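Below is one structure, written out as structure tokens; comments come after it.
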Amino acid sequence: MRKLSFLLPWVFMLILTACGDRAELEDLGHVVVLGVDKAEDHQVAVTFQIANPQVGSTSQASAENEPPSDILTITAPDIVSAKELAQSVASRKLNFTHLNTMIISEELARTKQFHHVIASSTGDREMRREIHIIISKEKASEFIHANKPKLETRPHKYYAFMQDRWRDIGFVPDATINRYFERLSGELFLAIYATTTRSPKHEKDEDQYLAGQVPQQGGDPVQVMGSAVFKFGQMIGTLTGEETRIALFLRPKAVNRSVVASYPDPRKKDFRVTVRLLRVSPTDVKINVHKDPTEVKVRVPLKVQVIQIPSLVDYVLDLKYQEQLKRAIKESLESKANALVKKTQEQFASEPFKWYLFARKEFWTMKDYREYQWEKKYTEAKVQIEFMPSIESFGKQFKPPQIHEQ
Amino acid sequence: MIKISDGKLGVKEFTALVFVTIAIKGTDTTPDLLIYAGMNASWVLPIFFTVFIFIPLLILFPLMKKHDQGLLELIFRLAGKKVGILICFLLFLVILSSTTVNSRSYIDIINTMYYPLTPLTLQYFLFLMVCYFIAKRGFESIGRASSVMVWYLVVSGIILLFSVWKKSHWLNLFPLAGPGIIPLLRDGAAYSSIFGEIVLLAVFLPFLRSYQDFRKASLIGFGFSAFWVAILCAFYTMVFDYPSVEYLNYPYHQLTRVASLGGLITHLDAIFLGFWVIASVLHFSIYLYMTAYIFARTLRLDAFEPLLLPLTGLILLIGLIPDNIITLNQSREFVIFSASAIVFFLPLFLWGLDRWKGRRQSEKA
Amino acid sequence: MPHDKGWRKSRAKTADNLMTEDQPFSFRLQTNADLLKEIFYYPTNLALKVRNLYIPLLDREGMVFYWEDSVDTQTIEAHIVGPLLQTKEIAMDSGDIATLLTKHVLTAASSKKISFIQEAIDELINGNTVLFTEGYAHALSISTTSFEGRTISLPTVENAVKGPKEAFIESASVNRSLIRKHVREHDLICELITVGERAPKQVSMMYLHSIADSELIEGVKKRIMDIDTDTIMNLSMLEQHLEERPYSLFPSILATERPDRAASFMYEGHIVLIMDNSPLALIVPVTFWALFQTGEDWYLRWAYGNFIRLIRLISVFVALFTPSLYIAAVTFHVEMIPPDLMLAIAATRERVPFPTLVEVLIMEVSFEILREAGIRIPSVIGPTIGILGALILGQAAVQANIVSPILVVIVAITGLSSFAIPEISFNFGIRILRFLMLFVAFFTGFFGIGLLSTFLVAYMVSLKSFGVPFLSPMAPFQPSAKDLLYRPILRDRLLRPFYASPQDQVRQKKTERKSSR
């Protein structure tokens with residue numbers, strides 16, 4: 001009995017108060033996309049896209065007349081207080097646990113405020129470091145409102161699919177908050193660049209575009225292409241889709257294993273050859289910190305699968321042509337890479353290639369490395385980039401069928 | 001009735017117990033200290049600790065073998081009754097304060113990372129209650145339970161490492177020496193009582209079948225624990241990268257939040273929480289038992305299991321005093337430093353006494 | 001029959017304390033007869049049958065007593081009454097009447113001399129025939145037992161696809177015979193222990209003398225003899241008298257209905273207990289692994305045996321944890337559920353008026369009701385249970401917005417898994433623990449599940465069954481046949497469990513694989 005009377009108050013306490021963290025699933029409003037815009041007085045306008053579970057998730061309990069998601073924008077000093085304030089509008093308790101995408105307007109990203117928003121938000125328990133960062137050209141709220149994908153009713157599914165596609169094609173980097181936090185001391189951080197606005201321009205290279213520039217008819221309103229470049233927690237420029245790809249190639253560890261790209265046909269100048277580039281082994285970076293200027297040697301081993309030869313030149317059976325094609329691809333890649341390195345050296349004065357990791361390897365203590373000031377040294381460094389493509393296969397036909405005119 | 005269940009532990013059980021006692025330190029706030037001191041080379045520190053702790057162990061183990069007695073009996077035998085009581089009481093204070101401070105810090109982790117709205121008092125009560133029930137079942141039960149659960153813990157740990165493998169980058173470990181060799185060595189010595197339990201675990205020698213079993217189990221368990229803590233620290237740096245990892249409050253729990261198996265199975269942190277709770281409950285049952293045991297031996301009491309309940313209550317009450325984790329971390333550091341000194345000098349002191357007594361006896365003869 | 005030493009312990013209080021505990025027989029036949037008749041309430045109770053006869057060989061009056069419906073009258077006729085009446089002349093062999101009759105006259109299988117009233121009562125109610133003769137203060141008890149019972153049939157609970165299909169029945173002698181058929185060893189010992197004050201019952205304790213630990217045998221024997229109760233109906237009740245922790249959720253004794261299983265346990269040094277009226281054998285001591293394994297694991301080939309073990313292991317975990325994991329995930333750790341599933345659950349939950357715990361409880365309790373009803377329902381209307389069950393645990397409940405569809409799946413998988421746990425006591429234990437787990441998960445999520453699981457393991461390792469730790473040889477670790485969760489191939493099953501007698505630890509020597517060439 002004495003034991004019981006000791007335990008009883010605790011049991012009651014358990015039943016009455018432990019409910020604090022418990023929430024029934026249907027009481028929660030699951031925010032799947034978060035948009036952050038610049039507002040006046042150092043405030044931010046936070047846009048919540050709240051998934052409606054009753055649309056598109058199950059046939060058992062579907063509400064026909066409701067939209068798939070509710071979008072609302074609240075202006076507040078920071079994300080957490082916006083979340084609290086939004087509760088005055090939203091019927092359900094907002095919850096970030098399934099939040100996977102954060103959209104930040106370019107306007108905000110270009111200010112110092114960006115870092116404050118991101119850095120303070122991860123103090124919230126529900127904010128994960130795996131949230132993807134997308135920089136939108138227009139206001140984030142406009143972006144979210146305009147994004148009505150045709151094939152996916154539920155917004156989270158759209159972003160989940162899109163994230164897989166980005167990984168495949170490599171036009172955009174795989175940018176998460178965690179990666180952002182890793183690169184705060186002068187290294188360049190690449191975020192996903194996207195827009196729903198259009199300013200099409202025609203390029204000969206199919207991937208020299210930024211988001212919004214890809215000529216498109218029909219389809220979804222969102223274009224995701226290229227990357228936003230951050231330095232010291234502030235956006236300082238953009239890279240096009242192709243530049244992003246090259247940057248990813250130059251990184252030591254590949255997120256995207258294969259990309260498809262076209263290169264000028266070495267024998268018929270008007271045509272291009274479409275190939276698939278596969279990364280089979282990590283990029284090899286050698287940095288000599290003892291020389292002045294610093295020497296950086298990068299070797300990128302690549303496997304090439306030739307997919308299409310619109311010029312119908314016989315690159316398959318003619319070994320000499322093959323060698324020419326290989327060299328053409330190599331040169332094309334190298335010149336683009338060199339141009340990119342030059343751009344980063346001059347325009348951004350830092351590198352997005354994670355080469356700082358290799359520079360760190362050359363030092364014994366953290367102090368030495370910091371004193372070396374890699375970012376500064378990089379701007380003057382002598383960078384040698386060598387792509388080493390080897391043609392692996394030629395698709396399913398030996399030779400393109402020829403028209404035999406009599 | 002049957003010889004086998006003689007209430008004593010074998011090598012496997014004690015190894016598991018040592019592992020649960022020490023290896024869990026890689027998952028609480030200890031890595032914060034290590035990262036602060038060792039920067040990106042924090043993973044080297046556990047290895048240094050091992051080396052430093054070996055010195056008192058090398059002194060203590062032969063002494064224990066010579067007298068074939070546990071640490072407490074050894075103290076009484078060599079230092080006499082009065083000094084013995086003093087030393088034992090000191091040990092009791094060390095273990096009581098570290099149990100209190102650590103258990104509170106564990107509850108703080110659970111509270112901030114998983115249940116921010118649940119009253120801390122309640123969680124603390126539940127946690128210590130289960131620890132008490134397990135400790136009450138006796139030392140052999142703790143040892144056996146550890147030997148059963150340790151496999152689940154190890155497997156869950158390996159799964160965790162696998163699930164963050166893709167996000168880790170071994171180049172993050174460079175520059176290898178971090179703050180430099182000298183600071184590493186200095187901090188390795190200063191913080192080595194983080195692993196000091198291995199000396200305190202020597203009080204449990206009477207619960208083991210033989211001295212050989214004890215030595216083997218302690219060394220194996222200790223080796224694996226140090227290895228595990230080192231691996232975890234390396235992974236924190238590899239996943240979060242150096243300056244960024246320094247801002248993390250509880251790196252292990254941040255790591256579980258990042259873990260994912262493939263694209264579909266993400267957000268596994270709650271499952272790892274379950275396993276972590278299992279490990280911490282076992283950990284504190286051992287501590288609780290050790291506290292009660294040392295206290296009883298200090299006062300030369302035979303039955304110490306009735307002491308468990310009041311001690312648990314005491315720990316709960318003291319543990320609830322600090323307001324937040326930051327004040328707690330300061331007291332934690334104080335406990336670690338004072339314990340370091342004791343852990344280092346106690347074996348030396350005992351060894352000196354032993355030599356002195358031995359000489360006096362040989363002089364008499 | 002082996003010597004019965006238990007009888008002195010049992011003390012009957014029958015017939016209004018007519019006789020003292022060990023009142024000897026009188027020399028007068030009629031006195032003995034009257035006493036017995038009074039004890040058995042003759043003639044109100046017609047169960048006691050008496051036959052007066054004249055024994056020419058002895059030239060004396062005799063009386064044959066037997067208890068109706070427990071004897072084989074054919075045997076009495078052919079082997080007792082017949083020979084007694086017909087034998088007139090033998091090569092004279094002076095001696096005790098009992099010895100004389102046993103040696104020369106009676107053709108029944110076995111008989112013994114008795115001297116006390118209490119013995120006569122015991123013998124009679126056990127179906128033996130008691131023969132009194134005039135002027136002789138002893139009696140002869142001749143075994144003629146024949147109780148009605150069913151014949152050996154298939155096991156009803158422990159089915160096996162590949163393996164013997166005989167099961168124990170309600171007769172102890174038949175059960176013993178079934179075991180002896182499996183264990184043909186000269187040192188298979190069967191001790192009889194009598195328990196119960198008012199209506200003593202015999203417990204047969206069987207073991208292999210060279211394998212079972214002698215301390216263990218003594219311990220079990222002592223535990224049985226120490227039972228202080230008026231009567232024990234059958235083994236299932238004996239089991240409850242024997243166990244150390246009556247409140248524990250984990251059983252410490254195993255009941256099996258398969259003779260082959262009992263026999264194989266004997267070869268591992270366990271003790272088998274058998275009683276009349278119980279189609280079971282009790283096996284002591286028992287470890288966790290025995291509750292978890294079936295005989296079939298060893299009958300099937302290595303891969304298949306391990307496969308079904310793995311399946312059962314999974315089902316133990318599923319049965320114990322699924323509802324609580326669901327509740328913890330849905331109410332505390334929403335982030336765990338993949339977004340698509342989470343939204344689907346949320347959508348259906350939106351129309352369910354109850355909190356998740358109530359919803360789960362409704363389903364789990366209905367399932368338990370269904371299960372209990374399934375056992376109690378008369379077999380004639382048995383099929384209705386399936387229809388009703390499908391209604392409650394199915395689409396109808398979902399359409400009525402009482403539960404969400406995912407819960408039907410969860411309850412179904414939990415229920416199915418609980419059926420895969422072979423041992424009935426263990427099965428109950430898991431099912432009850434499941435509810436405990438459920439509440440803990442509801443209040444504190446994974447934190448509570450972790451706490452409770454650790455406590456359970458700590459509790460399990462501290463359990464002992466007749467001195468053998470419950471989780472041995474895993475914790476405490478002992479060298480063993482490694483027959484725990486995984487079973488080795490038969491050739492590698494080298495050791496007996498450690499609790500077997502130490503002099504015979506090795507089952508077989510490690511043999512090299514013989515190649516077929």
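Starting from 1 in every chain, residues are counted up; chains themselves are A, B, ... following the order of the structure tokens, and ligands are numbered from 1 as listed.
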Considering only C-alpha atoms, give me a table of residues in chain B that are at most 7 Å from chain A, with the closest atom pair and distance in Å for each, as JSON lines.
{"residue": "B:Met113", "atom": "CA", "partner": "A:Arg125", "partner_atom": "CA", "distance": 6.3}
{"residue": "B:Tyr115", "atom": "CA", "partner": "A:Asp21", "partner_atom": "CA", "distance": 5.8}
{"residue": "B:Pro116", "atom": "CA", "partner": "A:Asp21", "partner_atom": "CA", "distance": 7.0}
{"residue": "B:Leu117", "atom": "CA", "partner": "A:Gly20", "partner_atom": "CA", "distance": 4.9}
{"residue": "B:Thr118", "atom": "CA", "partner": "A:Gly20", "partner_atom": "CA", "distance": 5.1}
{"residue": "B:Leu171", "atom": "CA", "partner": "A:Leu357", "partner_atom": "CA", "distance": 5.9}
{"residue": "B:Asn172", "atom": "CA", "partner": "A:Leu357", "partner_atom": "CA", "distance": 6.5}
{"residue": "B:Phe174", "atom": "CA", "partner": "A:Lys361", "partner_atom": "CA", "distance": 5.0}
{"residue": "B:Pro175", "atom": "CA", "partner": "A:Trp364", "partner_atom": "CA", "distance": 5.1}
{"residue": "B:Leu176", "atom": "CA", "partner": "A:Trp364", "partner_atom": "CA", "distance": 5.8}
{"residue": "B:Ala177", "atom": "CA", "partner": "A:Thr365", "partner_atom": "CA", "distance": 5.0}
{"residue": "B:Gly178", "atom": "CA", "partner": "A:Thr365", "partner_atom": "CA", "distance": 4.7}
{"residue": "B:Pro179", "atom": "CA", "partner": "A:Thr365", "partner_atom": "CA", "distance": 5.4}
{"residue": "B:Gly180", "atom": "CA", "partner": "A:Thr365", "partner_atom": "CA", "distance": 5.2}
{"residue": "B:Phe240", "atom": "CA", "partner": "A:Glu182", "partner_atom": "CA", "distance": 6.6}
{"residue": "B:Asp241", "atom": "CA", "partner": "A:Glu182", "partner_atom": "CA", "distance": 5.9}
{"residue": "B:Ser244", "atom": "CA", "partner": "A:Glu182", "partner_atom": "CA", "distance": 5.6}
{"residue": "B:Val258", "atom": "CA", "partner": "A:Glu130", "partner_atom": "CA", "distance": 6.6}
Per-residue nearest contacts chain C to chain A, cut-off 10 Å, using only C-alpha atoms, as JSON lines:
{"residue": "C:Ile327", "atom": "CA", "partner": "A:Glu24", "partner_atom": "CA", "distance": 9.7}
{"residue": "C:Ala328", "atom": "CA", "partner": "A:Arg22", "partner_atom": "CA", "distance": 8.9}
{"residue": "C:Ala329", "atom": "CA", "partner": "A:Leu25", "partner_atom": "CA", "distance": 9.5}
{"residue": "C:Val330", "atom": "CA", "partner": "A:Leu25", "partner_atom": "CA", "distance": 6.0}
{"residue": "C:Thr331", "atom": "CA", "partner": "A:Ala23", "partner_atom": "CA", "distance": 5.1}
{"residue": "C:Phe332", "atom": "CA", "partner": "A:Arg22", "partner_atom": "CA", "distance": 5.2}
{"residue": "C:His333", "atom": "CA", "partner": "A:Arg22", "partner_atom": "CA", "distance": 8.7}
{"residue": "C:Val334", "atom": "CA", "partner": "A:Thr97", "partner_atom": "CA", "distance": 7.0}
{"residue": "C:Glu335", "atom": "CA", "partner": "A:Thr97", "partner_atom": "CA", "distance": 5.1}
{"residue": "C:Met336", "atom": "CA", "partner": "A:Thr97", "partner_atom": "CA", "distance": 8.8}
{"residue": "C:Ile337", "atom": "CA", "partner": "A:His98", "partner_atom": "CA", "distance": 9.1}
{"residue": "C:Pro338", "atom": "CA", "partner": "A:His98", "partner_atom": "CA", "distance": 8.5}
{"residue": "C:Pro339", "atom": "CA", "partner": "A:His98", "partner_atom": "CA", "distance": 6.6}
{"residue": "C:Asp340", "atom": "CA", "partner": "A:Ser57", "partner_atom": "CA", "distance": 6.7}
{"residue": "C:Leu341", "atom": "CA", "partner": "A:Ser57", "partner_atom": "CA", "distance": 7.9}
{"residue": "C:Met342", "atom": "CA", "partner": "A:Leu25", "partner_atom": "CA", "distance": 8.0}
{"residue": "C:Leu343", "atom": "CA", "partner": "A:Pro53", "partner_atom": "CA", "distance": 4.6}
{"residue": "C:Ala344", "atom": "CA", "partner": "A:Ser57", "partner_atom": "CA", "distance": 5.0}
{"residue": "C:Ile345", "atom": "CA", "partner": "A:Leu25", "partner_atom": "CA", "distance": 7.7}
{"residue": "C:Ala346", "atom": "CA", "partner": "A:Glu26", "partner_atom": "CA", "distance": 4.8}
{"residue": "C:Ala347", "atom": "CA", "partner": "A:Gln54", "partner_atom": "CA", "distance": 4.7}
{"residue": "C:Thr348", "atom": "CA", "partner": "A:Ala61", "partner_atom": "CA", "distance": 5.4}
{"residue": "C:Arg349", "atom": "CA", "partner": "A:Glu26", "partner_atom": "CA", "distance": 6.0}
{"residue": "C:Glu350", "atom": "CA", "partner": "A:Glu26", "partner_atom": "CA", "distance": 5.3}
{"residue": "C:Arg351", "atom": "CA", "partner": "A:Ala61", "partner_atom": "CA", "distance": 7.7}
{"residue": "C:Val352", "atom": "CA", "partner": "A:Glu26", "partner_atom": "CA", "distance": 9.5}
{"residue": "C:Phe354", "atom": "CA", "partner": "A:Glu24", "partner_atom": "CA", "distance": 9.8}
{"residue": "C:Pro355", "atom": "CA", "partner": "A:Glu24", "partner_atom": "CA", "distance": 6.9}
{"residue": "C:Thr356", "atom": "CA", "partner": "A:Glu24", "partner_atom": "CA", "distance": 7.0}
{"residue": "C:Leu357", "atom": "CA", "partner": "A:Glu24", "partner_atom": "CA", "distance": 9.8}
{"residue": "C:Val398", "atom": "CA", "partner": "A:Gln60", "partner_atom": "CA", "distance": 9.0}
{"residue": "C:Gln399", "atom": "CA", "partner": "A:Gln60", "partner_atom": "CA", "distance": 8.8}
{"residue": "C:Asn401", "atom": "CA", "partner": "A:Ala61", "partner_atom": "CA", "distance": 10.0}
{"residue": "C:Ser404", "atom": "CA", "partner": "A:Gln60", "partner_atom": "CA", "distance": 9.1}
{"residue": "C:Pro405", "atom": "CA", "partner": "A:Gln60", "partner_atom": "CA", "distance": 8.2}
{"residue": "C:Val440", "atom": "CA", "partner": "A:Leu14", "partner_atom": "CA", "distance": 10.0}
{"residue": "C:Phe442", "atom": "CA", "partner": "A:Arg22", "partner_atom": "CA", "distance": 8.2}
{"residue": "C:Phe443", "atom": "CA", "partner": "A:Ala18", "partner_atom": "CA", "distance": 6.1}
{"residue": "C:Thr444", "atom": "CA", "partner": "A:Ala18", "partner_atom": "CA", "distance": 6.8}
{"residue": "C:Gly445", "atom": "CA", "partner": "A:Arg22", "partner_atom": "CA", "distance": 8.5}
Identify all chain B residues at most 7 Å from chain C by counting only C-alpha atoms; ligands do not count. Present them as a list of chain:residue names.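 Listing them in order of chain and number gives B:Met1, B:Ile2, B:Ser5, B:Lys12, B:Val130, B:Ile134, B:Arg137, B:Ser141, B:Ile142, B:Arg144, B:Ala145, B:Ser147, B:Val148, B:His267, B:Leu268, B:Ala270, B:Leu273, B:Gly274, B:Phe275, B:Val277, B:Ile278, B:Val281.
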DSSP on the backbone: which residues in region 81-283 of chain A end up as strand (DSSP E or B)? Give the answer as JSON, numbers by chain. {"A": [93, 94, 95, 101, 102, 103, 104, 105, 132, 133, 134, 135, 136, 176, 188, 189, 190, 191, 192, 193, 194, 195, 223, 224, 225, 226, 227, 228, 229, 230, 231, 234, 235, 236, 237, 238, 239, 258, 259, 260, 261, 262, 263, 264, 272, 273, 274, 275, 276, 277, 278]}
Using DSSP on the backbone coordinates, identify all residues within region 50-296 of chain C classified as helix (DSSP H, G or I); present the result as a PyMOL selection string. chain C and resi 73-86+97-105+117-125+172-182+214-225+235-242+259-266+288-292+296
Name the residues in contact with Ser177 (chain C) at a cut-off of 12 Å, using only C-alpha atoms, excluding same-chain residues fewer than 5 positions from it; report them as a PyMOL selection string. chain C and resi 152+166-169+171-172+182-184+188+190+204+206+259-260+263+274
How would the residues just chosen look if you wrote them out with all heavy atoms as a CSV table (one decimal), in the first residue's frame?
chain,number,residue,atom,x,y,z
C,152,ILE,N,-5.0,-42.9,-28.7
C,152,ILE,CA,-4.0,-41.9,-29.1
C,152,ILE,C,-4.4,-41.2,-30.4
C,152,ILE,O,-4.8,-41.9,-31.3
C,152,ILE,CB,-2.7,-42.6,-29.3
C,152,ILE,CG1,-2.2,-43.2,-27.9
C,152,ILE,CG2,-1.6,-41.6,-29.8
C,152,ILE,CD1,-1.1,-44.1,-28.1
C,166,GLU,N,1.9,-38.5,-33.0
C,166,GLU,CA,1.2,-39.0,-31.8
C,166,GLU,C,1.2,-37.9,-30.8
C,166,GLU,O,2.2,-37.2,-30.7
C,166,GLU,CB,1.9,-40.2,-31.3
C,166,GLU,CG,1.7,-41.5,-32.0
C,166,GLU,CD,2.6,-42.6,-31.6
C,166,GLU,OE1,3.6,-42.3,-30.9
C,166,GLU,OE2,2.3,-43.7,-31.9
C,167,ALA,N,0.1,-37.9,-30.0
C,167,ALA,CA,0.1,-36.9,-28.9
C,167,ALA,C,-0.3,-37.7,-27.7
C,167,ALA,O,-0.8,-38.8,-27.7
C,167,ALA,CB,-1.0,-35.9,-29.2
C,168,PHE,N,0.0,-37.0,-26.5
C,168,PHE,CA,-0.3,-37.6,-25.2
C,168,PHE,C,-1.8,-37.7,-25.1
C,168,PHE,O,-2.5,-36.8,-25.7
C,168,PHE,CB,0.3,-36.8,-24.1
C,168,PHE,CG,1.8,-36.9,-24.0
C,168,PHE,CD1,2.6,-35.8,-24.0
C,168,PHE,CD2,2.4,-38.2,-23.9
C,168,PHE,CE1,4.0,-35.9,-23.8
C,168,PHE,CE2,3.7,-38.3,-23.7
C,168,PHE,CZ,4.5,-37.2,-23.7
C,169,ILE,N,-2.3,-38.6,-24.3
C,169,ILE,CA,-3.7,-38.7,-24.0
C,169,ILE,C,-3.8,-38.6,-22.5
C,169,ILE,O,-2.9,-38.3,-21.8
C,169,ILE,CB,-4.4,-39.9,-24.5
C,169,ILE,CG1,-3.7,-41.2,-24.0
C,169,ILE,CG2,-4.3,-39.9,-26.0
C,169,ILE,CD1,-4.6,-42.4,-24.1
C,171,SER,N,-4.2,-40.7,-20.2
C,171,SER,CA,-3.8,-41.8,-19.3
C,171,SER,C,-2.3,-41.8,-19.1
C,171,SER,O,-1.5,-41.7,-20.1
C,171,SER,CB,-4.2,-43.1,-20.0
C,171,SER,OG,-3.3,-44.1,-19.5
C,172,ALA,N,-1.9,-41.8,-17.8
C,172,ALA,CA,-0.5,-41.7,-17.5
C,172,ALA,C,0.3,-42.8,-18.1
C,172,ALA,O,1.4,-42.7,-18.6
C,172,ALA,CB,-0.3,-41.5,-16.0
C,182,HIS,N,10.0,-43.8,-27.4
C,182,HIS,CA,11.1,-42.9,-27.9
C,182,HIS,C,12.4,-43.1,-27.3
C,182,HIS,O,13.5,-43.0,-27.9
C,182,HIS,CB,10.7,-41.4,-27.8
C,182,HIS,CG,9.6,-41.0,-28.8
C,182,HIS,ND1,9.9,-40.7,-30.1
C,182,HIS,CD2,8.3,-40.9,-28.7
C,182,HIS,CE1,8.8,-40.4,-30.7
C,182,HIS,NE2,7.8,-40.5,-29.9
C,183,VAL,N,12.4,-43.3,-26.0
C,183,VAL,CA,13.6,-43.4,-25.2
C,183,VAL,C,13.8,-44.8,-24.7
C,183,VAL,O,13.3,-45.2,-23.7
C,183,VAL,CB,13.6,-42.5,-24.0
C,183,VAL,CG1,14.9,-42.4,-23.3
C,183,VAL,CG2,13.1,-41.1,-24.4
C,184,ARG,N,14.5,-45.6,-25.5
C,184,ARG,CA,14.7,-47.0,-25.1
C,184,ARG,C,16.1,-47.1,-24.4
C,184,ARG,O,17.1,-47.4,-25.0
C,184,ARG,CB,14.6,-47.9,-26.3
C,184,ARG,CG,13.3,-47.7,-27.0
C,184,ARG,CD,12.8,-48.9,-27.7
C,184,ARG,NE,11.5,-48.6,-28.3
C,184,ARG,CZ,10.9,-49.3,-29.1
C,184,ARG,NH1,11.4,-50.5,-29.5
C,184,ARG,NH2,9.7,-49.0,-29.6
C,188,LEU,N,16.4,-45.0,-18.1
C,188,LEU,CA,15.2,-44.1,-18.1
C,188,LEU,C,14.5,-44.4,-16.8
C,188,LEU,O,13.9,-45.5,-16.6
C,188,LEU,CB,14.3,-44.4,-19.3
C,188,LEU,CG,13.0,-43.8,-19.3
C,188,LEU,CD1,13.0,-42.3,-19.1
C,188,LEU,CD2,12.2,-44.1,-20.5
C,190,CYS,N,11.6,-43.8,-13.9
C,190,CYS,CA,10.3,-43.3,-13.7
C,190,CYS,C,10.0,-43.4,-12.2
C,190,CYS,O,9.8,-44.5,-11.6
C,190,CYS,CB,9.2,-44.0,-14.5
C,190,CYS,SG,7.6,-43.5,-14.1
C,204,SER,N,4.2,-39.0,-12.2
C,204,SER,CA,5.4,-39.8,-12.6
C,204,SER,C,6.5,-38.8,-13.0
C,204,SER,O,6.2,-37.9,-13.8
C,204,SER,CB,5.1,-40.6,-13.8
C,204,SER,OG,3.8,-41.1,-13.7
C,206,MET,N,10.0,-38.6,-14.8
C,206,MET,CA,10.8,-39.4,-15.7
C,206,MET,C,12.1,-38.6,-16.1
C,206,MET,O,12.0,-37.4,-16.3
C,206,MET,CB,10.1,-39.8,-16.9
C,206,MET,CG,8.8,-40.7,-16.7
C,206,MET,SD,7.9,-41.0,-18.1
C,206,MET,CE,8.7,-42.5,-18.7
C,259,PRO,N,5.1,-36.6,-27.4
C,259,PRO,CA,6.0,-37.5,-26.8
C,259,PRO,C,7.5,-37.3,-27.3
C,259,PRO,O,8.4,-37.4,-26.6
C,259,PRO,CB,5.5,-38.9,-27.1
C,259,PRO,CG,4.2,-38.7,-27.7
C,259,PRO,CD,4.0,-37.3,-28.1
C,260,ASP,N,7.6,-37.0,-28.6
C,260,ASP,CA,8.9,-36.9,-29.2
C,260,ASP,C,9.6,-35.7,-28.6
C,260,ASP,O,10.8,-35.7,-28.4
C,260,ASP,CB,8.9,-36.8,-30.7
C,260,ASP,CG,8.0,-35.7,-31.2
C,260,ASP,OD1,6.9,-35.5,-30.5
C,260,ASP,OD2,8.3,-35.0,-32.2
C,263,ALA,N,10.7,-36.5,-25.1
C,263,ALA,CA,11.9,-37.4,-25.2
C,263,ALA,C,13.1,-36.7,-25.5
C,263,ALA,O,14.2,-36.9,-24.9
C,263,ALA,CB,11.6,-38.5,-26.2
C,274,ILE,N,4.5,-36.5,-15.5
C,274,ILE,CA,3.3,-37.0,-16.2
C,274,ILE,C,2.3,-37.3,-15.1
C,274,ILE,O,2.7,-37.8,-14.0
C,274,ILE,CB,3.7,-38.2,-17.1
C,274,ILE,CG1,4.3,-37.7,-18.4
C,274,ILE,CG2,2.5,-39.1,-17.3
C,274,ILE,CD1,4.8,-38.8,-19.2
Identify which of the residues C:Ser214, C:Thr384, C:Asn159, C:Asn175 lies closest to Thr294 (chain C), counting only C-alpha atoms when measuring atom-to-atom distances.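 When distances to Thr294 (chain C) are compared using only C-alpha atoms, the smallest one comes from C:Asn159.
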Find the residues near region 24-28 of chain B: any atom within 9 Å, counting only C-alpha atoms, skip ones fewer than 2 places away on the same chain, and give them as a list in words. Phe19, Val20, Thr21, Ile22, Thr30, Pro31, Asp32, Asn102, Ser105, Tyr106, Ile109, Ile194, Phe195, Ser225, Ala226, Trp228, Val229, Ala230, Ile231, Leu232, Cys233, Tyr250, Pro251, Tyr252, His253, Trp276, Ala279, Ser280 and His283 of chain B
I'd like the contact shell of Gln86 (chain C) - 10 Å cut-off, only C-alpha atoms, skipping same-chain residues fewer than 6 positions apart - returned as a PyMOL selection string. chain C and resi 55-57+105
Among the residues A:Val33, A:Lys343, A:Ile403, A:Val306, the one that comes closest to Ile131 (chain A) [using only C-alpha atoms]: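 Counting only C-alpha atoms, the residue closest to Ile131 (chain A) is A:Val33.
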Give me, please, the distance in Å between CA of Ile286 (chain B) and CA of Leu485 (chain C), quoted to one decimal.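 Spanning CA of Ile286 (chain B) to CA of Leu485 (chain C) is a straight-line distance of 27.7 Å.
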Residue neighbourhood Arg251 (chain A), 12 Å, only C-alpha atoms, exclusion window fewer than 4 positions, as a list of chain:residue names: A:Pro173, A:Thr244, A:Arg245, A:Ile246, A:Ala247, A:Val255, A:Asn256, A:Arg279, A:Ser281, A:Pro282, A:Thr283, A:Asp284, A:Val285, A:Val298, A:Arg299, A:Val300, A:Ala337, A:Glu351, A:Pro352, A:Phe353, A:Lys354, A:Trp355, A:Tyr356, A:Leu357, A:Phe358, A:Ile385, B:His169
